[in-house]
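**Q** Take a look at this one; I'll ask things after.
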Amino acid sequence: MKNECKKINFLLLFLLMITYTGNAQKNTNERAQWFTDSRFGMFIHWGVYSGAEGTWKGEKLRYDNDYAEWIFYRNRIARNEYTGILDRFDWEEINPEEWVLLAKKAGMKYVTITAKHHDGFALWDSKASDYDVADFTNPKRDIIKELSDACKKHGLKLGLYYSHWVDWEHPNGWDHSKEIYGITDQQYDQYWQEKVIPQMRELLTNYGEIGLIWFDMWIHHSGSIVTKKQLLQLKGIIRQLQPDCLVNSRLGLSIEEDSDIDFKTLGDNQLGSRKEEFPWQSPATVAHSWGFHALEEQWKSTTTLLHSLINNVSLNGNFMLNIGPRANGDVPYEISHRLREMGDWLAVNGESIYGSQAFDLVKDQHDWGKITCKQDAGGKTKLYLHVYNWPLSKKLPVTGIKGKPVKAYLLADKQKSEIPLLTNQVFTILELPEQQPDPYVSVVVLEYDHYPDTEQGLAAQSVFGGYSLKPSNAINLDGDCLVENAQRFGSIPAHIEVSKKSTYQWRIYIDKPMSFFTDVSYNYQGKMGKGTVTVKSAGVLLSVPVQPTGRYVGEPNREWHIDSFNAHRIGKLTYSESGYYDIILEVDPAKNETIDFQWLWLGEVL
Ligand code: GLC
């Protein structure tokens, strides 16, 4: 896969600088305000499959994505045997209020449960189908009612997952095997009109306020049996019965196609990669499966999960984390203890998450963590610097924000003791305390009496005291500029294949006179002296011939020989005063030669 690299010209930069209008997440409708304020929610996958625990008659779930809620389909279970799994359920123990209490402890603001998953089994007393929990329990249970009562009691919003497209129970519902055996549109519409529509009416009528309906068609409707007309009918019922209820894009209509869709759902466990102005959400699991799977081993750490939440909020996104309770209602310890740890973190640092938004700096500008932002009605602004990696030097560089903060302190510090800082134009350096206040992620607050201006396009100073200049933070790329993605586990790193004279330009700001060693990393398999690399900055020109970089072995005895990317020192750049500087790199291969350019590093001479 190839990525077209960005060409940001100065005109665009100029426009970016003068047209920002504050930090509000712009394309959020009234209805979705609570959702973008909440940022963190709970997903609950629970149903008949929970009792199978990822194994059927001694055989582990077929198919390597390990989604235990797919066991009926994957392991070709007979219908009558499938509901027999319900005999394993401990109905005395099952108490949905406990899930809500856990969500509350975790600092989650809403709960979305699988009212009906792909197996077609309803977790409420459905009049439209006998394939529901009430028909298999005595006394009859209605999990949606119990959960909705618990949500009301504890002040959480209730969301309902409803599998509309796929339904393995109804003879005319969609099951992927129908790609082979076929089904007519009329047959499918029969399923739609006699199961989907009435069930949706039940859910929207009998359980009080529903915060959101979470549909699950992960392909566009044009590639499915479902018609746009059917989807609009379904959405119409929601708008009619509960006008404030949110609808996600996995209805099968993208937010771009229909602006009435309230939020975009990314792929399973897919985190945000860019700032968006519309509401969006990543559904995520702590291990991999959504339904309970007893054989799971790879649990994400609390730190990883917090990073995922923070990453999304820093790009205007939400994070919905799944629990897959067991057939006795228990939430696996590996999940519940991580959720409690996240809740403890949020109890101290939640201000940086709830109601917070993206700040106007480019994603991944800083190598120490992520920034979120909050602005009050009077324009006073707080920036929350989430420091993933407490700097060994105890110095935290912040690049690209104009003006001096009124105050800086640790969010965890009730006294708000001032953190000493120095600001010079667009660069602030904070003198952090020796000890980080939080073992997961520590948050530093910068308070401004206005929404601070930013200077876009600057390469940020690294926490290691230099500047890492890559294709992704260049302000100009001329000539060859197609970025080849990393391959072979990253042993071939992302680079630009340069076959003709090409120039790349970065801009940095330095706050005091400084000198830098300048290293360029590239791969070159040709002969010595065939091409040059030149760096120009502040009137200085450093030029060196290109050197062959050779090859090395990836793993023993596997014929895995890798072209080597090596760093080469070009010389020293000295800036005798503080200010903005442009750095221009020229890569000039000889005729019919290629140089794979990776990065330029300006390392501070101390
Ligand atoms: C996929 C799966 C489903 C799971 C969902 C969660 O669509 O089919 O089992 O519920 O992702 O995002």
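Residues in the structure tokens are numbered from 1 in each chain, the chains being A, B, ... in the order shown, and ligands are numbered from 1 in the order shown.
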Output the neighbourhood of ligand 1 as a compact mmCIF listing (two decimals) with C-alpha atoms, in the first residue's frame, that is, all protein and nucleic acid residues with some atom at most 7 Å from the ligand, counting only C-alpha atoms and all ligand atoms.
**A**
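Output contents, as saved in selection.txt:
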```
# COMPACT_ATOMS: atom_id res chain seq x y z
CA HIS A 45 -22.07 -8.44 24.49
CA TYR A 67 -15.52 -13.71 18.04
CA GLU A 69 -20.66 -14.51 19.74
CA TRP A 70 -20.35 -16.02 16.25
CA HIS A 117 -27.16 -9.96 18.17
CA ASP A 216 -24.19 -3.35 13.02
CA MET A 217 -23.89 -3.51 9.26
CA TRP A 218 -20.21 -2.97 8.67
CA GLY A 267 -14.11 -0.58 12.59
CA ASP A 268 -13.85 -3.05 15.47
CA PRO A 283 -15.91 0.05 19.63
CA TRP A 290 -16.86 -9.48 22.19
```
**Q** If we count only C-alpha atoms and set the cut-off at 9 Å, which residues sit around region 153-156 of chain A, ignoring sequence neighbours fewer than 5 positions away in its own chain? Please answer as a PDB file with N, CA, C and O atoms, in the first residue's frame.
**A**
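Written output follows (out_8.pdb):
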```pdb
ATOM      1  N   GLU A  97     -27.944  -4.884  36.934  1.00  0.00           N
ATOM      2  CA  GLU A  97     -27.572  -3.674  37.679  1.00  0.00           C
ATOM      3  C   GLU A  97     -26.072  -3.687  38.000  1.00  0.00           C
ATOM      4  O   GLU A  97     -25.424  -2.645  38.056  1.00  0.00           O
ATOM      5  N   VAL A 100     -24.156  -2.129  35.304  1.00  0.00           N
ATOM      6  CA  VAL A 100     -24.297  -0.665  35.334  1.00  0.00           C
ATOM      7  C   VAL A 100     -23.407  -0.083  36.441  1.00  0.00           C
ATOM      8  O   VAL A 100     -22.737   0.936  36.242  1.00  0.00           O
ATOM      9  N   LEU A 101     -23.374  -0.743  37.572  1.00  0.00           N
ATOM     10  CA  LEU A 101     -22.523  -0.258  38.671  1.00  0.00           C
ATOM     11  C   LEU A 101     -21.048  -0.286  38.272  1.00  0.00           C
ATOM     12  O   LEU A 101     -20.283   0.617  38.598  1.00  0.00           O
ATOM     13  N   ALA A 103     -19.944  -0.024  35.192  1.00  0.00           N
ATOM     14  CA  ALA A 103     -19.768   1.065  34.219  1.00  0.00           C
ATOM     15  C   ALA A 103     -19.570   2.380  34.966  1.00  0.00           C
ATOM     16  O   ALA A 103     -18.697   3.196  34.634  1.00  0.00           O
ATOM     17  N   LYS A 104     -20.363   2.564  35.988  1.00  0.00           N
ATOM     18  CA  LYS A 104     -20.269   3.809  36.761  1.00  0.00           C
ATOM     19  C   LYS A 104     -18.902   3.923  37.435  1.00  0.00           C
ATOM     20  O   LYS A 104     -18.260   4.961  37.404  1.00  0.00           O
ATOM     21  N   MET A 108     -17.681   5.371  33.015  1.00  0.00           N
ATOM     22  CA  MET A 108     -18.391   5.367  31.731  1.00  0.00           C
ATOM     23  C   MET A 108     -19.731   6.065  31.896  1.00  0.00           C
ATOM     24  O   MET A 108     -20.356   5.974  32.951  1.00  0.00           O
ATOM     25  N   LYS A 109     -20.182   6.711  30.821  1.00  0.00           N
ATOM     26  CA  LYS A 109     -21.401   7.516  30.934  1.00  0.00           C
ATOM     27  C   LYS A 109     -22.594   6.910  30.219  1.00  0.00           C
ATOM     28  O   LYS A 109     -23.687   7.441  30.274  1.00  0.00           O
ATOM     29  N   TYR A 110     -22.372   5.857  29.480  1.00  0.00           N
ATOM     30  CA  TYR A 110     -23.495   5.197  28.813  1.00  0.00           C
ATOM     31  C   TYR A 110     -23.169   3.719  28.635  1.00  0.00           C
ATOM     32  O   TYR A 110     -22.001   3.319  28.716  1.00  0.00           O
ATOM     33  N   VAL A 111     -24.225   2.948  28.404  1.00  0.00           N
ATOM     34  CA  VAL A 111     -24.101   1.500  28.313  1.00  0.00           C
ATOM     35  C   VAL A 111     -24.850   1.049  27.065  1.00  0.00           C
ATOM     36  O   VAL A 111     -25.974   1.477  26.847  1.00  0.00           O
ATOM     37  N   SER A 148     -32.497  -1.154  31.689  1.00  0.00           N
ATOM     38  CA  SER A 148     -32.977   0.221  31.535  1.00  0.00           C
ATOM     39  C   SER A 148     -33.331   0.804  32.906  1.00  0.00           C
ATOM     40  O   SER A 148     -33.030   1.965  33.201  1.00  0.00           O
TER      41      SER A 148
END
```
**Q** Write down as a ChimeraX atom specification the residues belonging to region 323-531 of chain A that are assigned strand (DSSP E) by DSSP computed on the backbone.
**A** /A:323,357-358,369-375,381-387,395-399,407-410,421-424,427-431,442-448,467-469,476-478,482-484,495-498,502-510,514-523,531
**Q** Could you make a table, as a tab-separated table, of the residues of region 129-176 of chain A that have an atom within 10 Å of an atom of region 82-90 of chain A, each with its nearest atom pair and distance in Å to one decimal, counting only C-alpha atoms, in chain and number order?
**A**
```
residue	atom	partner	partner_atom	distance
A:Tyr131	CA	A:Thr83	CA	9.2
A:Val133	CA	A:Leu86	CA	9.2
A:Phe136	CA	A:Leu86	CA	7.7
A:Thr137	CA	A:Leu86	CA	8.8
```
**Q** Could you tell me which of A:Asp167, A:Glu434, A:Asp344, A:Asp330 comes closest to Lys394 (chain A) if we count only C-alpha atoms?
**A**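 Of all the options, A:Glu434 lies closest to Lys394 (chain A).
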